[in-house]
Amino acid sequence: MSNLSLETREEEGAVRIAISGELDLGSALTFDEELRRAEGRAPQTVILDLRRLRFMDSTGLRLIMSAQSRASARGRRLAIVLGTDSIRRIFRMAGVGRRLEIVDHPSAVG
């Protein structure tokens, strides 16, 4: 069983999902359901706050890239707040930085 915790908040036209623990194959369905629930609120921006995420595998990255595609198709923003060096390394190694809006802090999304 994966250790994943999600905290979702509405913030001035945005929905922020703070993700803690591990985002992997075992927790992917829980994450995807919460993400789609947040998208269903039709916010202008979805913020994925990964600062407390300890581990993410390719399944998590795929879900984030799918969320980016959905956001683009609907004329919305998806902003990613990266955290630990290991999570930053995954994004860097996958070469997805140019396709995602990456910010240093949730308050940087304006």
# chains A, B, ... in the order shown; residues from 1 in each chain; ligands from 1
$ residues_around --residues "range 67-81 of chain A" --least-positions-apart "2" --cutoff "6 Å" --atoms "only C-alpha atoms" --output "MDAnalysis selection string"
chainID A and resid 44:50 64:65 101:105
$ write_last_selection --atoms "N, CA and C atoms" --output "compact mmCIF listing (two decimals), in the first residue's frame"
# COMPACT_ATOMS: atom_id res chain seq x y z
N GLN A 44 -9.62 28.26 -13.11
CA GLN A 44 -8.75 28.82 -14.15
C GLN A 44 -7.39 28.13 -14.12
N THR A 45 -6.96 27.76 -12.90
CA THR A 45 -5.63 27.16 -12.71
C THR A 45 -5.71 26.01 -11.72
N VAL A 46 -5.00 24.96 -12.03
CA VAL A 46 -4.78 23.87 -11.08
C VAL A 46 -3.30 23.93 -10.71
N ILE A 47 -3.03 23.95 -9.41
CA ILE A 47 -1.66 23.98 -8.91
C ILE A 47 -1.37 22.64 -8.26
N LEU A 48 -0.35 21.95 -8.73
CA LEU A 48 0.10 20.72 -8.09
C LEU A 48 1.33 21.06 -7.26
N ASP A 49 1.18 21.01 -5.96
CA ASP A 49 2.25 21.36 -5.03
C ASP A 49 2.97 20.08 -4.62
N LEU A 50 4.16 19.87 -5.17
CA LEU A 50 4.92 18.64 -4.95
C LEU A 50 6.02 18.81 -3.91
N ILE A 64 0.54 13.53 -14.56
CA ILE A 64 0.74 14.97 -14.60
C ILE A 64 0.75 15.47 -16.05
N MET A 65 1.41 14.75 -16.93
CA MET A 65 1.45 15.14 -18.34
C MET A 65 0.04 15.06 -18.96
N GLU A 101 4.41 24.28 -16.83
CA GLU A 101 4.67 25.53 -16.13
C GLU A 101 5.15 25.17 -14.73
N ILE A 102 6.43 25.40 -14.48
CA ILE A 102 7.02 25.06 -13.19
C ILE A 102 7.32 26.35 -12.45
N VAL A 103 6.84 26.42 -11.20
CA VAL A 103 7.02 27.61 -10.37
C VAL A 103 7.71 27.22 -9.07
N ASP A 104 8.29 28.21 -8.39
CA ASP A 104 9.01 27.94 -7.15
C ASP A 104 8.11 27.84 -5.93
N HIS A 105 6.95 28.47 -5.97
CA HIS A 105 6.06 28.51 -4.82
C HIS A 105 4.63 28.74 -5.31
$ residues_around --residues "Ser27 in chain A" --least-positions-apart "5" --cutoff "12 Å" --atoms "only C-alpha atoms" --output "list in words"
Met1, Ser2, Asn3, Leu4, Ser5, Leu6, Ile19, Ser20, Gly21, Glu22, Asp32, Glu33, Glu34, Phe55, Met56, Asp57, Thr59, Gly60 and Leu63 of chain A
$ select_by_dssp --residues "range 41-78 of chain A" --states "alpha helix (DSSP H)" --output "ChimeraX atom specification"
/A:58-73
$ closest_residue --among "A:Thr8, A:Arg41, A:Leu61, A:Leu29" --to "Arg89 in chain A" --atoms "only C-alpha atoms"
A:Leu61
$ closest_residue --among "A:Ser58, A:Arg98, A:Pro43, A:Ile90" --to "Glu12 in chain A" --atoms "only C-alpha atoms"
A:Pro43
$ atom_distance --atom1 "CA of Thr84 in chain A" --atom2 "CA of Arg37 in chain A"
26.1 Å
